Amino acid sequence: MALTNQYLILNPSLKRIGTLTVDGATKFSNDSVKIQLADADTTSTAYDDDINVGTKDSYTGTINLNAQSKKFDHQGSLDVLQGQPDSDKVVAGNNLAYYDALSGHWYVMHIYSVEENNTAATKHVTTANFTNLCLFTLAHHYPVAMAESDTAIKVAFTSVFSDTGWTLKFNTANAMIPDISIDGKTKASTLLQTLLQAYNVEVDCYVEIDSQGNVQSKTCEVVDQLNVDKVYTEAIFGKNITSIKRTTVSTPITKLIAYGANGSTIADDNDGKVYIVDDEANQKYNPDWQSGLYYEGVITANLIEHAAGLKSWAEQMLQLFNHPRTYYEVNVTPTFNPPLGATIRFKDDQITPALDASGRVIQRAISFANPYGNTVGFGEYVTVPVATPAWLAGYQSAISNALEKAKTDASSVKPVALTPDGNNFTDPNQTKRLILQAWEGSTNISAYIDSKGFIWRRYNTDGTIDTSFNQTGYLVQAPYNAVGTLHGTIETSYIQDDPDIKLQTDAIINLGSFSQNDSTLGITGAVQYMCPLSNGQYLTSRASANDDVIFVLHDTNFKPISKMIISGGGHGASFSTEEVNGAVYIWYAIKSNSSVEEFAISRIPYVANVTLSNDDNRITRFCTANRYIRINVDFKHGYVLCSHYHGKQDVLQLDDVKQGSYNVLYSFDATNYGFDPNRQTYQSQGIDFPYVYFQSGDYNMKDPRMVYAVNAVHGGQEFASNYLLDMDLGLTDDVIEPETCNIIYSQTNQPELLVTLNCKYQGNSLERAFVIPIKTRPAADDINTSTTD
């Protein structure tokens, strides 16, 4: 069975359930499938964006510098008009299979997300986004740990693909034995990309399909060079090239700074210098070379620890970057479609300078609906993937750069004093809050400074220093008798490598999983939030279709015991519990039953198996907000967090709330810390004053699963962590949606992050619960910061 120009629809068990064609019963359009064997400088579209770059300090075998660019990627999308016979089968979790006549193979693409949109004609269109099933499978598999050792290619690939359901086929003479290790916490998809670079090989992941369209086998073929024996005819502009784009990276790098594992450098093996240079290339390409200037670049190898090996690797990499590089993207006619890896010669006499060259096809995009949209890419490929995901790189880089600059140049750090209560005293018993922030450029680095590094000095009205006034900390209370001039100073010697707090991801506790549905109580749907009770039981919330909120009491093993419904109670996105004399009270923002858009911070007794209207007299309302809010209460320190859903976070004092006052003490916007409401779905939040936690991640898996922490007082970001990339939860689920983000305390009185995830694995929905310890940075040793008049 080898029909082209169509896609077979396969269910999760890879059985055929439908067909998409260009002109048949169920039509598709706007399809585009891109496959690549290496990265060019102009593109980076991997499904798995977390790639560790590494090589052994010394190893045997032939080194191909471009091996560092090897990356297997296979992505695509298409549109299907709804209302056709098989259009309802194009859903996330199902698969699409297509036949590629050039390779002679069938490929299965897993639909990992869908979007529904209206066209101008008001018809509904489903857009399916898909990736090669092998990549998707590997992205949800964590291979068993393997100690670091010299490893042959078959052993390495077999270790990564074990228990994935994919059969390996080796067509390679590769004899290299690089140093390979598996930590047991890295996704197989990440390890695959590392192996491609370490062994300088390529893969082709395809399936065998029977006459009924059902998948019979799944194969990943490992080869030295894909289609290396295929030399294609010339591609000539105006003949079989319809358009050509030539991208040249014109500025070479002639001075390369290399970092290894844990920030190590080459200094110990390079006369104390952390960089290497190429003077010959610098004289050739840099007009300012006589002034001692170089074109500088930075590169990181996460798996190299020793200076000698790092320097050797840097010298190899500098050969890739020390000259201008060119990449070509060509639109071709439908009749000219060279396979991936093939060598072709291409000409264009009209372009300046004239083009007459040959190269391997390293990227290829095809479309059955629009064959004239086919493209091929070829040229020199040298991009070395980095470890930091794109959505984190910006802010993390800014903090890292700001800290390095602050450590080396104290004058670059600017103290900023805030007086949220004003600075005029009207009563001798008053105190005023003084907040001191540390900024380096446009980056708030306050979270990385020990509290003793925020120094306050008082100047008397005659200009002398008050030696009796000696306060430190980013938040101080100034009494009436402190009237005068207060001066805030940042002592940069107190800059730390770690923030105030961070997640202890090597000590994650899996509390267990439970079904979201219970026929006895008649509850269904995902848990929105969870709070533990002192007796080991749990209280959870669920939203319902008619805008009711359902609170469910679970035993210590998460089995539902009872429920309480609040009519018109809203989404249930977050709440807190208070226990008084054995009774459980729920703190929750409940919607007013009037037509006014108003939500009240309320205290609700948990009454088993009853339904309360949202104006029930058993509900105590304290203060209101004129917009939708989600709340969490920190009873330990006496604060209430009110989240305005799309970014704004207000911190109120619990005593003020009880008096009916919505008096905001501290406030910040989540969008200032990397959260983008246009690209991410906000989920929930928690407070452990002064720290505010919030998280994001949609059910459709299209945005990163992130958790953030911010110090609400000085405004510094503590961390921004990705649940799937920065920690190992041991999950292989198809859907992982963050729900609960609640701060609890352990039996030893240590703060912990309680997380629940709405998961889906092989069609089954489960709620999974984890506890992540929160580590507080130890206090720094005292430094002499006294002044001499």
# chains A, B, ... in the order shown; residues from 1 in each chain; ligands from 1
$ select_by_dssp --residues "stretch 520-632 of chain A" --states "strand (DSSP E)" --output "ChimeraX atom specification"
/A:529-532,538-543,549-554,560-567,576-580,583-591,599-605,610-613,620-625,630-632
$ residues_around --residues "stretch 594-608 of chain A" --least-positions-apart "3" --cutoff "8 Å" --atoms "only C-alpha atoms" --output "list in words"
Ser562, Lys563, Met564, Ala583, Val584, Tyr585, Ile586, Trp587, Tyr588, Ala589, Ile590, Lys591, Arg618, Ile619, Thr620, Arg621, Phe622, Cys623, Thr624, Ala625, Asn626, Arg627, Tyr628, Ile629, Ile631 and Val657 of chain A
$ write_last_selection --atoms "N, CA, C and O atoms" --output "mmCIF file, in the first residue's frame"
data_model
loop_
_atom_site.group_PDB
_atom_site.id
_atom_site.type_symbol
_atom_site.label_atom_id
_atom_site.label_comp_id
_atom_site.auth_asym_id
_atom_site.auth_seq_id
_atom_site.Cartn_x
_atom_site.Cartn_y
_atom_site.Cartn_z
ATOM 1 N N SER A 562 -16.429 12.629 50.382
ATOM 2 C CA SER A 562 -17.650 13.436 50.322
ATOM 3 C C SER A 562 -17.397 14.642 49.450
ATOM 4 O O SER A 562 -16.264 14.902 49.023
ATOM 5 N N LYS A 563 -18.455 15.403 49.176
ATOM 6 C CA LYS A 563 -18.323 16.599 48.345
ATOM 7 C C LYS A 563 -19.248 17.688 48.848
ATOM 8 O O LYS A 563 -20.218 17.433 49.574
ATOM 9 N N MET A 564 -18.945 18.925 48.455
ATOM 10 C CA MET A 564 -19.801 20.070 48.722
ATOM 11 C C MET A 564 -19.831 20.922 47.463
ATOM 12 O O MET A 564 -18.782 21.181 46.855
ATOM 13 N N ALA A 583 -13.050 21.793 62.775
ATOM 14 C CA ALA A 583 -13.854 22.187 61.615
ATOM 15 C C ALA A 583 -12.935 22.711 60.507
ATOM 16 O O ALA A 583 -11.907 23.337 60.782
ATOM 17 N N VAL A 584 -13.314 22.443 59.248
ATOM 18 C CA VAL A 584 -12.528 22.882 58.094
ATOM 19 C C VAL A 584 -13.244 24.039 57.407
ATOM 20 O O VAL A 584 -14.447 23.945 57.093
ATOM 21 N N TYR A 585 -12.504 25.133 57.185
ATOM 22 C CA TYR A 585 -13.049 26.293 56.480
ATOM 23 C C TYR A 585 -12.247 26.510 55.193
ATOM 24 O O TYR A 585 -11.028 26.348 55.179
ATOM 25 N N ILE A 586 -12.954 26.885 54.152
ATOM 26 C CA ILE A 586 -12.348 27.125 52.845
ATOM 27 C C ILE A 586 -12.294 28.626 52.589
ATOM 28 O O ILE A 586 -13.327 29.310 52.671
ATOM 29 N N TRP A 587 -11.095 29.134 52.315
ATOM 30 C CA TRP A 587 -10.941 30.526 51.893
ATOM 31 C C TRP A 587 -10.906 30.532 50.372
ATOM 32 O O TRP A 587 -10.070 29.880 49.746
ATOM 33 N N TYR A 588 -11.826 31.319 49.794
ATOM 34 C CA TYR A 588 -12.055 31.234 48.349
ATOM 35 C C TYR A 588 -12.649 32.555 47.878
ATOM 36 O O TYR A 588 -13.344 33.250 48.632
ATOM 37 N N ALA A 589 -12.368 32.939 46.645
ATOM 38 C CA ALA A 589 -12.969 34.141 46.059
ATOM 39 C C ALA A 589 -14.234 33.733 45.328
ATOM 40 O O ALA A 589 -14.175 33.072 44.290
ATOM 41 N N ILE A 590 -15.367 34.111 45.875
ATOM 42 C CA ILE A 590 -16.645 33.675 45.325
ATOM 43 C C ILE A 590 -17.331 34.829 44.613
ATOM 44 O O ILE A 590 -17.280 35.983 45.060
ATOM 45 N N LYS A 591 -17.952 34.510 43.508
ATOM 46 C CA LYS A 591 -18.606 35.536 42.696
ATOM 47 C C LYS A 591 -19.905 35.995 43.333
ATOM 48 O O LYS A 591 -20.646 35.206 43.923
ATOM 49 N N ARG A 618 -24.119 30.999 55.620
ATOM 50 C CA ARG A 618 -22.988 30.351 56.283
ATOM 51 C C ARG A 618 -21.655 30.800 55.681
ATOM 52 O O ARG A 618 -20.593 30.471 56.201
ATOM 53 N N ILE A 619 -21.727 31.524 54.578
ATOM 54 C CA ILE A 619 -20.524 32.031 53.924
ATOM 55 C C ILE A 619 -20.211 33.426 54.458
ATOM 56 O O ILE A 619 -21.065 34.317 54.431
ATOM 57 N N THR A 620 -19.000 33.620 54.954
ATOM 58 C CA THR A 620 -18.571 34.931 55.445
ATOM 59 C C THR A 620 -17.784 35.642 54.357
ATOM 60 O O THR A 620 -16.775 35.130 53.874
ATOM 61 N N ARG A 621 -18.263 36.828 53.965
ATOM 62 C CA ARG A 621 -17.570 37.623 52.958
ATOM 63 C C ARG A 621 -16.820 38.752 53.647
ATOM 64 O O ARG A 621 -17.400 39.463 54.478
ATOM 65 N N PHE A 622 -15.556 38.940 53.254
ATOM 66 C CA PHE A 622 -14.740 39.945 53.929
ATOM 67 C C PHE A 622 -14.607 41.212 53.098
ATOM 68 O O PHE A 622 -15.097 42.263 53.473
ATOM 69 N N CYS A 623 -13.931 41.139 51.965
ATOM 70 C CA CYS A 623 -13.773 42.309 51.109
ATOM 71 C C CYS A 623 -13.890 41.872 49.658
ATOM 72 O O CYS A 623 -13.785 40.690 49.339
ATOM 73 N N THR A 624 -14.126 42.821 48.768
ATOM 74 C CA THR A 624 -14.429 42.485 47.383
ATOM 75 C C THR A 624 -13.451 43.148 46.421
ATOM 76 O O THR A 624 -12.801 44.150 46.730
ATOM 77 N N ALA A 625 -13.354 42.541 45.249
ATOM 78 C CA ALA A 625 -12.612 43.111 44.122
ATOM 79 C C ALA A 625 -13.578 43.192 42.948
ATOM 80 O O ALA A 625 -14.424 42.312 42.771
ATOM 81 N N ASN A 626 -13.442 44.214 42.141
ATOM 82 C CA ASN A 626 -14.378 44.409 41.031
ATOM 83 C C ASN A 626 -13.928 43.700 39.764
ATOM 84 O O ASN A 626 -14.194 44.163 38.663
ATOM 85 N N ARG A 627 -13.241 42.593 39.941
ATOM 86 C CA ARG A 627 -12.828 41.775 38.809
ATOM 87 C C ARG A 627 -12.542 40.372 39.320
ATOM 88 O O ARG A 627 -12.480 40.128 40.519
ATOM 89 N N TYR A 628 -12.376 39.448 38.376
ATOM 90 C CA TYR A 628 -12.124 38.054 38.736
ATOM 91 C C TYR A 628 -10.768 37.923 39.421
ATOM 92 O O TYR A 628 -9.757 38.426 38.934
ATOM 93 N N ILE A 629 -10.732 37.262 40.569
ATOM 94 C CA ILE A 629 -9.485 37.036 41.282
ATOM 95 C C ILE A 629 -9.395 35.580 41.715
ATOM 96 O O ILE A 629 -10.407 34.894 41.862
ATOM 97 N N ILE A 631 -7.364 33.388 44.810
ATOM 98 C CA ILE A 631 -6.686 33.723 46.047
ATOM 99 C C ILE A 631 -5.971 32.524 46.652
ATOM 100 O O ILE A 631 -6.260 31.365 46.340
ATOM 101 N N VAL A 657 -7.876 42.158 55.520
ATOM 102 C CA VAL A 657 -8.968 41.484 54.812
ATOM 103 C C VAL A 657 -10.104 41.171 55.765
ATOM 104 O O VAL A 657 -11.286 41.367 55.447
#
$ select_by_dssp --residues "stretch 128-301 of chain A" --states "alpha helix (DSSP H)" --output "PyMOL selection string"
chain A and resi 133-138+153-161+188-199+279-285
$ residues_around --residues "stretch 733-738 of chain A" --least-positions-apart "6" --cutoff "7 Å" --atoms "only C-alpha atoms" --output "PyMOL selection string"
chain A and resi 140+683+696-699+701+705+756-761
$ closest_atom_pairs --of "stretch 494-567 of chain A" --to "stretch 395-413 of chain A" --cutoff "9 Å" --atoms "only C-alpha atoms" --output "tab-separated table"
residue	atom	partner	partner_atom	distance
A:Ile495	CA	A:Lys407	CA	7.2
A:Gln496	CA	A:Leu403	CA	8.8
A:Asp497	CA	A:Leu403	CA	8.4
$ write_last_selection --atoms "N, CA and C atoms" --output "mmCIF file, in the first residue's frame"
data_model
loop_
_atom_site.group_PDB
_atom_site.id
_atom_site.type_symbol
_atom_site.label_atom_id
_atom_site.label_comp_id
_atom_site.auth_asym_id
_atom_site.auth_seq_id
_atom_site.Cartn_x
_atom_site.Cartn_y
_atom_site.Cartn_z
ATOM 1 N N ILE A 495 26.923 39.552 47.090
ATOM 2 C CA ILE A 495 26.258 38.886 45.969
ATOM 3 C C ILE A 495 26.510 37.385 46.051
ATOM 4 N N GLN A 496 25.457 36.602 45.904
ATOM 5 C CA GLN A 496 25.526 35.149 46.015
ATOM 6 C C GLN A 496 25.310 34.499 44.644
ATOM 7 N N ASP A 497 25.726 33.244 44.523
ATOM 8 C CA ASP A 497 25.530 32.511 43.269
ATOM 9 C C ASP A 497 24.105 31.998 43.119
#
$ residues_around --residues "A:Ser32" --least-positions-apart "6" --cutoff "8 Å" --atoms "only C-alpha atoms" --output "list in words"
Gly76, Ser77, Leu78, Ala365, Ile366, Ser367 and Phe368 of chain A
$ residues_around --residues "A:Gly522" --least-positions-apart "3" --cutoff "12 Å" --atoms "only C-alpha atoms" --output "PyMOL selection string"
chain A and resi 516-519+525+544+550+552+560-565+609
$ residues_around --residues "A:Lys636" --least-positions-apart "4" --cutoff "12 Å" --atoms "only C-alpha atoms" --output "list in words"
Glu578, Val640, Gln653, Leu654, Ile687, Asp688, Phe689, Pro690, Ile743, Ile744, Tyr745, Asn749 and Pro751 of chain A
$ atom_distance --atom1 "atom CA of A:Pro773" --atom2 "atom CA of A:Cys642"
23.8 Å
$ closest_residue --among "A:Gln216, A:Ser13, A:Ser592, A:Ser243" --to "A:Gly763" --atoms "only C-alpha atoms"
A:Ser13
$ residues_around --residues "A:Val416" --least-positions-apart "6" --cutoff "7 Å" --atoms "only C-alpha atoms" --output "PyMOL selection string"
chain A and resi 436-438
$ atom_distance --atom1 "atom CA of A:Thr492" --atom2 "atom CA of A:Asn444"
13.4 Å
$ closest_residue --among "A:Ser442, A:Thr167, A:Asn700, A:Thr131" --to "A:Phe72" --atoms "only C-alpha atoms"
A:Thr131
